[in-house]
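Chemist: Sharing a structure below in C-alpha cells format, with a few things to ask.
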Amino acid sequence: MKDWKKRLAAGFSAAALALSLAPSALAADLLTRGEARDILMTAADDYAGLTGEELLKGDEAGDLHLDRLLTRAEALVMLERAFGGFEAPVGANARMAFAGQEFTDVPSWAESELSGLLASGIVDEVGEGGLSHDALVEKEDLETLIRRAYALKGTNLKDDFYAAVNKEWLTQSTIPAGQRMNGALYGLSFKVDDQIAELIADIAAKPQASGTAEAKISALYRTVMDMEGRNAAGAEPIRTYLDAIDNAQTVADLVKNEIALRTDLGLSTLTSFLYTTDLMDSEKTILFFGAFGAAQNKDFYLNGTQEQTEAYLQYMTTLFTLAGEEETAARATAQRVYDTEKSVAAASLDPQDQGNVSKIYNLYTMEELKDLFPEMDLDALFAATKLKAGGDILVTDVGALEAAAAFCTQEHLPELKAMSKQGLILSVADCLSQDFQEAGFAFNEAYYGVEGRQTTEQIAAQQVQSLLRDYLSRAYAETYFSPEAKADVEEMVGEFIAIYKERIQAQDWMSEETKQMALKKLDAMGVKVGYPDSWDTYLDDAEIKAPEEGGTFFSNTFAIQRAAMEDMLARQDQTVDKSVWITPAYTVNAFYLATNNDITFPAAILQAPMYDVNASREENLGAIGYVIAHEITHAFDNNGAKFDEKGNAADWWTEADYAAFQEKCQAVAEWYDGQESAPGITCSGELTLSENVADLGAAACVVEAAKRMLEEPDYKALFRSMANAWASTSYRSIQEYLAVADLHAPDKLRVNRVLQTIPEFYETFDIKEGDGMWVDPADRVSIW
C-alpha cells in the first residue's frame with residue numbers, strides 16, 4: 001500500500017494532513033471541510049437530516065480540522081452521508097449516468113461509504129485529480145454534485161422541480177425500439193405515427209378507385225412493403241448514374257451526370273439552384289444557389305470522438321460497398337468524403353447563426369458564382385433546372401460555399417466523385433434494398449446508442465407519410481381532429497396576442513417608437529390551426545403504380561419528386577402564397593415562420609397530453625398554452641426581431657432599444673450557459689438563445705394569462721403541467737449530440753431554468769434561499 005493510503009486508513013480527516021493553506025490555494029475558491037459541511041447541511045436538510053457532527057466526523061482525537069482544505073474523496077463521503085445514501089439509477093437517470101466508470105483510486109477508508117454513490121452514475125471517474133488525497137474541491141464542484149444528487153433523488157420539488165414532478169414517469173420510462181427518445185411530445189408523436197399507419201394499412205387493405213388519393217396511398221405503401229422486389233433490385237435503379245461517376249475523367253463528365261440526375265430524378269449532388277422566399281421582400285421569390293456540404297453536424301468534425309468517426313466511416317464504407325465498390329476502395333472513398341466534409345464543415349456557419357439574417361443573406365451574380373466555380377459549367381447546370389433567370393442569387397453560407405468550391409476542380413476530381421456518389425446514395429438509400437436500411441440501423445446503434453429497430457410496417461408507414469403529406473394530412477384531419485379543439489386554441493391564441501400587446505406596452509426599456517412597431521407586428525400576425533383551408537393537388541396527375549402495375553418504391557418516389565419540381569416551376573413567377581402550410585397536419589410540433597409572420601399549430605399537437613378538452617384551464621395553459629406563447633415570442637427572439645410585420649428582414653428598432661435588447665439576450669445566454677441537463681452534459685447559452693428567449697417569454701405570458709382568465713388560478717396545476725409537458729428521456733449519446741446541435745435547451749432546463757425566473761413559482765411552492773430551485777431576485781433574467 002502506498003504511504004498516503006496508509007495515512008488515509010488512519011481516519012477520515014487524515015487525508016488533509018499534508019495539505020497547505022497557502023493564500024494562492026484559497027484564492028481559487030477551494031473549500032475547507034467546515035465550509036463544505038455548512039453547504040451540505042443547508043442543501044440537504046430535507047434528506048438525511050444529519051447534524052454537523054454526523055456529517056463530518058473527526059479523527060481518533062475528535063478533531064474536525066474544519067479549516068483544512070477539502071479533498072474530493074472527503075466531499076463525496078460527506079455528500080453520501082448528507083443525502084442518506086444512493087442507489088443505482090434506473091429509468092431516465094440510468095440512461096443519463098456516466099457509463100462504464102471504474103474507480104481504481106478510492107481510499108480504503110472511504111470504500112464502504114462510497115460504494116452507493118460511485119455506482120449512482122453522477123460521479124465522473126476522472127474528475128480533477130481522481131479521488132486521491134491531493135485532489136481538492138472548489139465550491140462550484142460541490143454545488144454541481146449537489147444538483148446531480150437532487151436530480152437523482154427526485155424527491156423534493158423545491159430542489160429540482162422537473163425531477164420531482166416527473167419522478168414516477170422518469171423512473172418507469174422506456175424508449176421504444178429504434179427510437180432515440182421518449183416523452184410527452186415524443187410519445188404523442190409515436191401515437192400519431194400509429195394512427196397514420198392504421199389509416200394507411202386500412203386504405204391498402206381495400207380496393208380503391210383508380211387515380212384517387214387513396215389509390216396512390218395504397219400503391220405507394222405496397223411498393224414500400226415489396227421488400228422482395230427491392231432486394232432483388234439492390235442498387236440497380238441508380239447503376240447508370242453510379243457508373244457515370246466512377247467513369248468520370250473530368251469535372252465536365254461529373255457535370256454531365258449532374259444534369260442527367262436533375263432531368264431524370266430531380267436530384268442534385270454537387271450544386272443546386274432553386275427558388276426560395278426572398279428574406280428582404282417576402283412576397284417575392286429569389287434564386288438560391290448552394291453546393292454539397294457536410295452530412296453530419298459541425299461539432300462532429302471538429303470535436304467528434306474516435307469511436308464516432310469510425311462509426312461514420314464504417315457507415316459510408318458499407319454504403320459504397322453496397323453500391324458496388326470493393327471493400328478497400330469503399331473505405332478509401334469514405335475517407336475522402338469525411339476529409340472533404342470536414343473541410344467544408346470547418347468553414348460553415350455555427351448552428352445558432354443559420355437563422356441569423358445578417359449572416360445568411362448574401363447576394364451574388366451568376367458571373368461571380370462562375371468565378372468561384374470556374375471548372376463547373378454553371379450555365380448548363382442552371383439550364384437543366386428549367387428555372388427562369390433572375391437577378392441576384394442568394395447564398396446562405398458563404399464560408400461553406402467557398403470551401404466546397406475549392407474541391408470543384410480537376411485537381412480534386414477524386415474528392416468530387418466521392419461527394420457526388422455519397423450525395424446520390426444518401427438521396428435514394430431509403431427506397432433501395434433492405435441492406436441499405438440495415439446500414440442505417442447499424443450506424444444509429446453505433447453512433448447514437450439507439451437500441452432495437454422499428455418494424456418494417458412502422459418504417460413503411462413513415463416513408464409514405466413523408467412522400468404523400470397532403471393526402472395523409474387530409475385523411476388524418478378528417479379522422480382525428482376535433483373542431484372544439486380548433487375553436488378553443490384559436491381563442492387562446494387571440495388571448496395571448498392581446499396579453500402580449502400589453503406586455504410590450506409595459507416594457508420600460510423600449511421607446512414608444514419601437515413599441516408601436518412591435519404592436520404592428522402582433523396585429524399582423526397570422527394564425528394557422530389544425531389544417532389548411534385548401535389542399536395541394538400537384539400529385540393528382542403523378543403516376544404512382546402498385547407492384548402489379550410495374551411500380552417500385554424507387555420509381556414512385558421519383559414520380560412524386562418530379563411532380564413537386566413541376567409544381568415549383570409553375571409557381572416561380574407567382575407572388576409567394578403565405579397561406580401554404582410548411583408542415584403536415586399530423587406533425588406534433590408548432591412553428592413561427594418569420595417570412596410569413598405567422599404561427600402554425602397542426603392538428604396532431606392539439607390533443608392530450610398537450611391539449612385536452614377535459615383538462616382544467618391551468619393544465620391546458622401549462623401545456624399547449626406554453627407552446628402557443630412560445631411561438632408568438634419567436635417573433636421577438638434574437639432572430640425573429642430582425643423581421644417586420646410583413647415578414648421582411650428590416651431594422652424597425654431604434655439604435656438604443658436594439659442595444660438594450662441585445663444586452664437582455666446576452667443575459668439570457670449567460671443564464672443557460674453551463675447548466676447541466678445530465679451529469680457532465682452542459683447547455684450552450686449561445687447555441688440555444690433563440691429558443692430560450694421564446695421559452696422565457698412564453699412562461700411569463702402563460703402566468704399572466706392565468707391571472708386574467710381565472711379568478712383564483714391554481715398555480716400548482718399550471719406549473720406542474722409545464723413540467724409534465726416537457727418530461728422526456730433519451731440515451732446519453734443523444735443528449736451529448738443535442739448539446740452541440742440542437743437550438744433548444746434540454747427539456748429539463750426548459751422547465752427548471754424557466755420557472756426560476758417566475759415570482760409566482762417561488763410563492764406557490766414556498767421556495768426560499770437554500771432550496772435548490774432558489775435564485776436571488778437580482779440574478780434572475782427577464783426579457784418579455
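Ligands are numbered from 1 in the order shown, chains are lettered A, B, ... in the order of the C-alpha cells, and residues start at 1 in each chain.
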Write down as number ranges by chain the residues of stretch 199-352 of chain A whose backbone DSSP state falls under strand (DSSP E).
Modeler: A: 271-278, 281-291
Chemist: Write a file of the just-selected residues containing all heavy atoms, as a short mmCIF file (atom, residue, chain, number, x, y, z; two decimals), in the first residue's frame.
Modeler:
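Writing the result to selection23.cif gives the following:
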```
data_model
loop_
_atom_site.label_atom_id
_atom_site.label_comp_id
_atom_site.auth_asym_id
_atom_site.auth_seq_id
_atom_site.Cartn_x
_atom_site.Cartn_y
_atom_site.Cartn_z
N THR A 271 -24.08 20.72 -56.84
CA THR A 271 -24.57 22.10 -56.73
C THR A 271 -26.07 22.10 -56.92
O THR A 271 -26.64 21.15 -57.48
CB THR A 271 -23.94 23.01 -57.81
OG1 THR A 271 -24.31 22.53 -59.11
CG2 THR A 271 -22.43 23.04 -57.68
N SER A 272 -26.71 23.17 -56.47
CA SER A 272 -28.16 23.20 -56.56
C SER A 272 -28.66 24.63 -56.76
O SER A 272 -28.20 25.56 -56.09
CB SER A 272 -28.78 22.64 -55.27
OG SER A 272 -30.18 22.71 -55.31
N PHE A 273 -29.59 24.77 -57.72
CA PHE A 273 -30.33 26.01 -57.90
C PHE A 273 -31.79 25.75 -57.56
O PHE A 273 -32.36 24.72 -57.95
CB PHE A 273 -30.27 26.48 -59.36
CG PHE A 273 -28.94 27.02 -59.81
CD1 PHE A 273 -28.06 26.22 -60.52
CD2 PHE A 273 -28.59 28.34 -59.55
CE1 PHE A 273 -26.84 26.71 -60.96
CE2 PHE A 273 -27.37 28.85 -59.99
CZ PHE A 273 -26.49 28.03 -60.70
N LEU A 274 -32.43 26.67 -56.86
CA LEU A 274 -33.87 26.60 -56.63
C LEU A 274 -34.36 27.98 -56.22
O LEU A 274 -33.58 28.87 -55.89
CB LEU A 274 -34.22 25.55 -55.57
CG LEU A 274 -33.55 25.65 -54.19
CD1 LEU A 274 -34.31 26.59 -53.27
CD2 LEU A 274 -33.47 24.27 -53.55
N TYR A 275 -35.68 28.13 -56.24
CA TYR A 275 -36.27 29.39 -55.79
C TYR A 275 -36.73 29.27 -54.34
O TYR A 275 -37.22 28.22 -53.92
CB TYR A 275 -37.45 29.79 -56.68
CG TYR A 275 -37.02 30.61 -57.87
CD1 TYR A 275 -36.88 30.03 -59.13
CD2 TYR A 275 -36.72 31.97 -57.73
CE1 TYR A 275 -36.46 30.78 -60.22
CE2 TYR A 275 -36.30 32.72 -58.81
CZ TYR A 275 -36.17 32.13 -60.06
OH TYR A 275 -35.74 32.88 -61.11
N THR A 276 -36.54 30.34 -53.60
CA THR A 276 -36.96 30.38 -52.20
C THR A 276 -37.49 31.78 -51.90
O THR A 276 -37.32 32.71 -52.70
CB THR A 276 -35.79 30.03 -51.26
OG1 THR A 276 -36.27 29.92 -49.91
CG2 THR A 276 -34.71 31.11 -51.31
N THR A 277 -38.12 31.94 -50.78
CA THR A 277 -38.65 33.25 -50.39
C THR A 277 -37.52 34.24 -50.17
O THR A 277 -36.52 33.93 -49.52
CB THR A 277 -39.48 33.13 -49.10
OG1 THR A 277 -40.56 32.21 -49.31
CG2 THR A 277 -40.05 34.47 -48.69
N ASP A 278 -37.68 35.42 -50.71
CA ASP A 278 -36.69 36.48 -50.53
C ASP A 278 -36.86 37.09 -49.13
O ASP A 278 -37.92 37.63 -48.81
CB ASP A 278 -36.89 37.56 -51.60
CG ASP A 278 -35.77 38.60 -51.62
OD1 ASP A 278 -35.07 38.74 -50.60
OD2 ASP A 278 -35.60 39.25 -52.66
N ASP A 281 -37.88 40.74 -49.19
CA ASP A 281 -39.21 41.04 -49.74
C ASP A 281 -39.97 39.72 -49.83
O ASP A 281 -39.94 39.03 -50.84
CB ASP A 281 -39.09 41.68 -51.12
CG ASP A 281 -40.44 42.13 -51.67
OD1 ASP A 281 -41.48 41.82 -51.04
OD2 ASP A 281 -40.47 42.76 -52.73
N SER A 282 -40.61 39.36 -48.75
CA SER A 282 -41.17 38.02 -48.60
C SER A 282 -42.38 37.74 -49.48
O SER A 282 -42.90 36.64 -49.48
CB SER A 282 -41.53 37.77 -47.14
OG SER A 282 -42.49 38.73 -46.69
N GLU A 283 -42.83 38.74 -50.23
CA GLU A 283 -43.89 38.50 -51.21
C GLU A 283 -43.32 37.89 -52.49
O GLU A 283 -44.04 37.36 -53.32
CB GLU A 283 -44.59 39.82 -51.57
CG GLU A 283 -45.31 40.49 -50.42
CD GLU A 283 -46.57 39.75 -50.01
OE1 GLU A 283 -47.17 39.08 -50.88
OE2 GLU A 283 -46.95 39.83 -48.83
N LYS A 284 -42.00 37.95 -52.62
CA LYS A 284 -41.35 37.50 -53.84
C LYS A 284 -40.42 36.33 -53.55
O LYS A 284 -40.07 36.05 -52.42
CB LYS A 284 -40.55 38.65 -54.47
CG LYS A 284 -41.39 39.85 -54.87
CD LYS A 284 -40.50 40.95 -55.43
CE LYS A 284 -41.33 42.18 -55.82
NZ LYS A 284 -40.45 43.27 -56.34
N THR A 285 -40.01 35.66 -54.64
CA THR A 285 -39.01 34.60 -54.52
C THR A 285 -37.67 35.12 -55.04
O THR A 285 -37.60 36.13 -55.74
CB THR A 285 -39.41 33.36 -55.32
OG1 THR A 285 -39.61 33.73 -56.69
CG2 THR A 285 -40.68 32.74 -54.76
N ILE A 286 -36.63 34.41 -54.68
CA ILE A 286 -35.29 34.74 -55.13
C ILE A 286 -34.58 33.45 -55.46
O ILE A 286 -34.83 32.40 -54.84
CB ILE A 286 -34.52 35.54 -54.05
CG1 ILE A 286 -33.19 36.06 -54.61
CG2 ILE A 286 -34.29 34.70 -52.80
CD1 ILE A 286 -32.48 37.03 -53.66
N LEU A 287 -33.71 33.47 -56.44
CA LEU A 287 -32.95 32.29 -56.82
C LEU A 287 -31.88 32.02 -55.76
O LEU A 287 -31.17 32.93 -55.33
CB LEU A 287 -32.29 32.51 -58.19
CG LEU A 287 -31.63 31.30 -58.83
CD1 LEU A 287 -32.67 30.21 -59.10
CD2 LEU A 287 -30.95 31.70 -60.13
N PHE A 288 -31.80 30.75 -55.36
CA PHE A 288 -30.82 30.31 -54.35
C PHE A 288 -29.81 29.39 -55.01
O PHE A 288 -30.15 28.59 -55.89
CB PHE A 288 -31.53 29.58 -53.22
CG PHE A 288 -30.61 28.74 -52.36
CD1 PHE A 288 -29.94 29.31 -51.29
CD2 PHE A 288 -30.41 27.39 -52.64
CE1 PHE A 288 -29.08 28.54 -50.51
CE2 PHE A 288 -29.57 26.62 -51.86
CZ PHE A 288 -28.89 27.19 -50.79
N PHE A 289 -28.56 29.48 -54.55
CA PHE A 289 -27.52 28.58 -55.02
C PHE A 289 -26.77 28.00 -53.83
O PHE A 289 -26.41 28.72 -52.89
CB PHE A 289 -26.54 29.30 -55.94
CG PHE A 289 -25.41 28.42 -56.42
CD1 PHE A 289 -25.62 27.48 -57.40
CD2 PHE A 289 -24.13 28.53 -55.86
CE1 PHE A 289 -24.58 26.67 -57.85
CE2 PHE A 289 -23.09 27.72 -56.29
CZ PHE A 289 -23.32 26.78 -57.29
N GLY A 290 -26.53 26.70 -53.88
CA GLY A 290 -25.76 26.05 -52.84
C GLY A 290 -24.93 24.92 -53.42
O GLY A 290 -25.12 24.51 -54.57
N ALA A 291 -24.00 24.41 -52.65
CA ALA A 291 -23.16 23.30 -53.06
C ALA A 291 -23.21 22.22 -52.00
O ALA A 291 -23.83 22.38 -50.94
CB ALA A 291 -21.73 23.77 -53.30
#
```
Chemist: Would you mind listing what lies within 9 Å of A:His634 as a PDB file with all heavy atoms, in the first residue's frame, with only C-alpha atoms counted and same-chain residues fewer than 4 positions away left out?
Modeler:
```
ATOM      1  N   PHE A 591     -44.928  26.067 -34.995  1.00  0.00           N
ATOM      2  CA  PHE A 591     -43.922  26.842 -35.707  1.00  0.00           C
ATOM      3  C   PHE A 591     -44.270  28.330 -35.752  1.00  0.00           C
ATOM      4  O   PHE A 591     -45.439  28.698 -35.817  1.00  0.00           O
ATOM      5  CB  PHE A 591     -43.797  26.350 -37.160  1.00  0.00           C
ATOM      6  CG  PHE A 591     -43.535  24.882 -37.283  1.00  0.00           C
ATOM      7  CD1 PHE A 591     -44.592  23.984 -37.360  1.00  0.00           C
ATOM      8  CD2 PHE A 591     -42.244  24.386 -37.298  1.00  0.00           C
ATOM      9  CE1 PHE A 591     -44.365  22.618 -37.461  1.00  0.00           C
ATOM     10  CE2 PHE A 591     -42.007  23.025 -37.396  1.00  0.00           C
ATOM     11  CZ  PHE A 591     -43.070  22.143 -37.475  1.00  0.00           C
ATOM     12  N   TYR A 592     -43.223  29.151 -35.751  1.00  0.00           N
ATOM     13  CA  TYR A 592     -43.318  30.552 -36.164  1.00  0.00           C
ATOM     14  C   TYR A 592     -42.462  30.705 -37.411  1.00  0.00           C
ATOM     15  O   TYR A 592     -41.284  30.316 -37.415  1.00  0.00           O
ATOM     16  CB  TYR A 592     -42.826  31.512 -35.086  1.00  0.00           C
ATOM     17  CG  TYR A 592     -42.753  32.955 -35.583  1.00  0.00           C
ATOM     18  CD1 TYR A 592     -43.908  33.707 -35.732  1.00  0.00           C
ATOM     19  CD2 TYR A 592     -41.526  33.525 -35.952  1.00  0.00           C
ATOM     20  CE1 TYR A 592     -43.854  35.009 -36.224  1.00  0.00           C
ATOM     21  CE2 TYR A 592     -41.469  34.825 -36.433  1.00  0.00           C
ATOM     22  CZ  TYR A 592     -42.635  35.567 -36.575  1.00  0.00           C
ATOM     23  OH  TYR A 592     -42.588  36.844 -37.063  1.00  0.00           O
ATOM     24  N   LEU A 593     -43.034  31.251 -38.477  1.00  0.00           N
ATOM     25  CA  LEU A 593     -42.295  31.473 -39.714  1.00  0.00           C
ATOM     26  C   LEU A 593     -42.100  32.970 -39.893  1.00  0.00           C
ATOM     27  O   LEU A 593     -43.061  33.716 -40.130  1.00  0.00           O
ATOM     28  CB  LEU A 593     -43.048  30.873 -40.903  1.00  0.00           C
ATOM     29  CG  LEU A 593     -42.332  30.948 -42.259  1.00  0.00           C
ATOM     30  CD1 LEU A 593     -40.980  30.244 -42.195  1.00  0.00           C
ATOM     31  CD2 LEU A 593     -43.202  30.333 -43.350  1.00  0.00           C
ATOM     32  N   ALA A 594     -40.856  33.421 -39.779  1.00  0.00           N
ATOM     33  CA  ALA A 594     -40.568  34.856 -39.777  1.00  0.00           C
ATOM     34  C   ALA A 594     -40.972  35.523 -41.079  1.00  0.00           C
ATOM     35  O   ALA A 594     -41.461  36.660 -41.075  1.00  0.00           O
ATOM     36  CB  ALA A 594     -39.085  35.080 -39.497  1.00  0.00           C
ATOM     37  N   ALA A 629     -47.630  30.484 -26.676  1.00  0.00           N
ATOM     38  CA  ALA A 629     -46.902  31.698 -26.291  1.00  0.00           C
ATOM     39  C   ALA A 629     -45.442  31.625 -26.735  1.00  0.00           C
ATOM     40  O   ALA A 629     -44.829  32.643 -27.081  1.00  0.00           O
ATOM     41  CB  ALA A 629     -46.993  31.905 -24.780  1.00  0.00           C
ATOM     42  N   HIS A 630     -44.891  30.432 -26.733  1.00  0.00           N
ATOM     43  CA  HIS A 630     -43.523  30.224 -27.212  1.00  0.00           C
ATOM     44  C   HIS A 630     -43.400  30.644 -28.678  1.00  0.00           C
ATOM     45  O   HIS A 630     -42.461  31.367 -29.056  1.00  0.00           O
ATOM     46  CB  HIS A 630     -43.151  28.749 -27.041  1.00  0.00           C
ATOM     47  CG  HIS A 630     -41.833  28.349 -27.643  1.00  0.00           C
ATOM     48  ND1 HIS A 630     -40.686  28.250 -26.906  1.00  0.00           N
ATOM     49  CD2 HIS A 630     -41.498  28.010 -28.918  1.00  0.00           C
ATOM     50  CE1 HIS A 630     -39.685  27.876 -27.700  1.00  0.00           C
ATOM     51  NE2 HIS A 630     -40.160  27.720 -28.927  1.00  0.00           N
ATOM     52  N   ASN A 638     -33.997  36.713 -30.827  1.00  0.00           N
ATOM     53  CA  ASN A 638     -32.841  37.393 -31.425  1.00  0.00           C
ATOM     54  C   ASN A 638     -32.818  37.307 -32.948  1.00  0.00           C
ATOM     55  O   ASN A 638     -32.194  38.137 -33.615  1.00  0.00           O
ATOM     56  CB  ASN A 638     -31.540  36.824 -30.848  1.00  0.00           C
ATOM     57  CG  ASN A 638     -31.419  35.330 -31.047  1.00  0.00           C
ATOM     58  OD1 ASN A 638     -32.304  34.566 -30.675  1.00  0.00           O
ATOM     59  ND2 ASN A 638     -30.320  34.891 -31.621  1.00  0.00           N
ATOM     60  N   ASN A 639     -33.517  36.314 -33.525  1.00  0.00           N
ATOM     61  CA  ASN A 639     -33.608  36.211 -34.983  1.00  0.00           C
ATOM     62  C   ASN A 639     -34.914  36.816 -35.508  1.00  0.00           C
ATOM     63  O   ASN A 639     -34.910  37.605 -36.453  1.00  0.00           O
ATOM     64  CB  ASN A 639     -33.499  34.754 -35.416  1.00  0.00           C
ATOM     65  CG  ASN A 639     -32.128  34.174 -35.148  1.00  0.00           C
ATOM     66  OD1 ASN A 639     -31.117  34.847 -35.321  1.00  0.00           O
ATOM     67  ND2 ASN A 639     -32.089  32.927 -34.722  1.00  0.00           N
ATOM     68  N   GLY A 640     -36.030  36.470 -34.885  1.00  0.00           N
ATOM     69  CA  GLY A 640     -37.322  36.986 -35.331  1.00  0.00           C
ATOM     70  C   GLY A 640     -37.429  38.491 -35.217  1.00  0.00           C
ATOM     71  O   GLY A 640     -38.160  39.130 -35.991  1.00  0.00           O
ATOM     72  N   ALA A 641     -36.705  39.068 -34.287  1.00  0.00           N
ATOM     73  CA  ALA A 641     -36.760  40.522 -34.079  1.00  0.00           C
ATOM     74  C   ALA A 641     -36.193  41.297 -35.260  1.00  0.00           C
ATOM     75  O   ALA A 641     -36.341  42.524 -35.328  1.00  0.00           O
ATOM     76  CB  ALA A 641     -35.998  40.896 -32.806  1.00  0.00           C
ATOM     77  N   SER A 690     -32.140  31.625 -29.128  1.00  0.00           N
ATOM     78  CA  SER A 690     -33.440  31.975 -29.710  1.00  0.00           C
ATOM     79  C   SER A 690     -34.577  31.189 -29.061  1.00  0.00           C
ATOM     80  O   SER A 690     -35.639  31.744 -28.766  1.00  0.00           O
ATOM     81  CB  SER A 690     -33.429  31.736 -31.224  1.00  0.00           C
ATOM     82  OG  SER A 690     -33.221  30.370 -31.523  1.00  0.00           O
ATOM     83  N   GLU A 691     -34.363  29.903 -28.828  1.00  0.00           N
ATOM     84  CA  GLU A 691     -35.412  29.084 -28.216  1.00  0.00           C
ATOM     85  C   GLU A 691     -35.596  29.425 -26.748  1.00  0.00           C
ATOM     86  O   GLU A 691     -36.715  29.360 -26.218  1.00  0.00           O
ATOM     87  CB  GLU A 691     -35.083  27.600 -28.385  1.00  0.00           C
ATOM     88  CG  GLU A 691     -35.063  27.118 -29.823  1.00  0.00           C
ATOM     89  CD  GLU A 691     -36.436  27.207 -30.496  1.00  0.00           C
ATOM     90  OE1 GLU A 691     -37.454  27.199 -29.778  1.00  0.00           O
ATOM     91  OE2 GLU A 691     -36.481  27.296 -31.730  1.00  0.00           O
ATOM     92  N   VAL A 693     -35.160  32.422 -25.375  1.00  0.00           N
ATOM     93  CA  VAL A 693     -35.926  33.673 -25.327  1.00  0.00           C
ATOM     94  C   VAL A 693     -37.409  33.358 -25.483  1.00  0.00           C
ATOM     95  O   VAL A 693     -38.261  33.902 -24.764  1.00  0.00           O
ATOM     96  CB  VAL A 693     -35.458  34.641 -26.433  1.00  0.00           C
ATOM     97  CG1 VAL A 693     -36.428  35.824 -26.560  1.00  0.00           C
ATOM     98  CG2 VAL A 693     -34.059  35.146 -26.136  1.00  0.00           C
ATOM     99  N   ALA A 694     -37.720  32.441 -26.414  1.00  0.00           N
ATOM    100  CA  ALA A 694     -39.116  32.070 -26.639  1.00  0.00           C
ATOM    101  C   ALA A 694     -39.716  31.376 -25.418  1.00  0.00           C
ATOM    102  O   ALA A 694     -40.882  31.606 -25.064  1.00  0.00           O
ATOM    103  CB  ALA A 694     -39.226  31.175 -27.872  1.00  0.00           C
ATOM    104  N   GLY A 697     -40.266  34.078 -22.573  1.00  0.00           N
ATOM    105  CA  GLY A 697     -41.417  34.909 -22.903  1.00  0.00           C
ATOM    106  C   GLY A 697     -42.716  34.147 -22.758  1.00  0.00           C
ATOM    107  O   GLY A 697     -43.729  34.683 -22.301  1.00  0.00           O
TER     108      GLY A 697
END
```
Chemist: Can you tell me, as JSON, numbers by chain, what residues are no more than 12 Å from A:Glu655 when counting only C-alpha atoms, ignoring any on the same chain fewer than 4 positions away?
Modeler: {"A": [510, 511, 513, 514, 651, 659, 660, 661, 662]}
Chemist: Take the residues just selected and output them with C-alpha atoms as a PDB file, in the first residue's frame.
Modeler:
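To be explicit, this is the file written out as result24.pdb:
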```pdb
ATOM      1  CA  MET A 510     -38.368  50.196 -25.084  1.00  0.00           C
ATOM      2  CA  SER A 511     -39.161  53.554 -26.627  1.00  0.00           C
ATOM      3  CA  GLU A 513     -41.490  54.276 -31.396  1.00  0.00           C
ATOM      4  CA  THR A 514     -40.228  50.695 -31.138  1.00  0.00           C
ATOM      5  CA  ASP A 651     -34.448  47.169 -38.885  1.00  0.00           C
ATOM      6  CA  ALA A 659     -28.720  47.749 -27.864  1.00  0.00           C
ATOM      7  CA  ALA A 660     -30.861  47.216 -24.744  1.00  0.00           C
ATOM      8  CA  PHE A 661     -32.441  44.143 -26.372  1.00  0.00           C
ATOM      9  CA  GLN A 662     -29.024  42.689 -27.142  1.00  0.00           C
TER      10      GLN A 662
END
```
Chemist: To one decimal place, how far is atom CA of A:Ala518 from atom CA of A:Lys486 in Å?
Modeler: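 Separation of atom CA of A:Ala518 and atom CA of A:Lys486: 26.6 Å.
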Chemist: Go through A:Ala260, A:Ile360, A:Leu170, A:Ala725 and flag the residue nearest A:Thr240, using only C-alpha atoms for the distances.
Modeler: A:Ala260
Chemist: Please list as an MDAnalysis selection string every residue within 8 Å of stretch 202-209 of chain A, counting only C-alpha atoms and excluding residues in the same chain fewer than 6 positions away.
Modeler: chainID A and resid 215 217:219 221:222
Chemist: Using only C-alpha atoms, determine which residues lie at most 10 Å from A:Asp771, disregarding the query and same-chain residues fewer than 3 positions distant; provide the list as a PyMOL selection string.
Modeler: chain A and resi 42-46+156-160+766-768+774-775
Chemist: Could you please take those selected residues and save C-alpha atoms as a JSON list (two decimals), in the first residue's frame?
Modeler:
```
[["chain", "number", "residue", "atom", "x", "y", "z"],
["A", 42, "THR", "CA", -28.24, 23.63, 4.16],
["A", 43, "ALA", "CA", -28.58, 21.93, 0.79],
["A", 44, "ALA", "CA", -29.57, 18.52, 2.12],
["A", 45, "ASP", "CA", -31.56, 19.40, 5.23],
["A", 46, "ASP", "CA", -34.66, 17.66, 3.81],
["A", 156, "ASN", "CA", -38.15, 17.44, -3.39],
["A", 157, "LEU", "CA", -39.68, 19.82, -5.92],
["A", 158, "LYS", "CA", -38.05, 22.74, -4.10],
["A", 159, "ASP", "CA", -34.67, 21.39, -5.16],
["A", 160, "ASP", "CA", -35.34, 20.03, -8.65],
["A", 766, "ASP", "CA", -42.58, 28.45, -0.87],
["A", 767, "ILE", "CA", -39.14, 28.34, -2.49],
["A", 768, "LYS", "CA", -36.61, 30.01, -0.20],
["A", 774, "TRP", "CA", -33.81, 29.30, -5.46],
["A", 775, "VAL", "CA", -32.09, 32.08, -7.38]]
```
Chemist: From stretch 432-670 of chain A, collect each residue whose DSSP state is alpha helix (DSSP H) and return the set as JSON, numbers by chain.
Modeler: {"A": [434, 435, 436, 437, 438, 439, 440, 441, 442, 443, 456, 457, 458, 459, 460, 461, 462, 463, 464, 465, 466, 467, 469, 470, 471, 472, 473, 474, 475, 476, 477, 478, 479, 480, 483, 484, 485, 486, 487, 488, 489, 490, 491, 492, 493, 494, 495, 496, 497, 498, 499, 500, 501, 502, 503, 504, 505, 506, 512, 513, 514, 515, 516, 517, 518, 519, 520, 521, 522, 523, 524, 553, 554, 555, 556, 557, 558, 559, 560, 561, 562, 563, 564, 565, 566, 567, 568, 569, 570, 571, 617, 618, 619, 620, 626, 627, 628, 629, 630, 631, 632, 633, 655, 656, 657, 658, 659, 660, 661, 662, 663, 664, 665, 666, 667, 668, 669, 670]}
Chemist: I want to know what sits within 6 Å of A:Leu687, based on only C-alpha atoms, with residues of the same chain fewer than 3 positions away left out; could you give that as a list of chain:residue names?
Modeler: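 The filter keeps A:Gln352, A:Ser684, A:Leu743.
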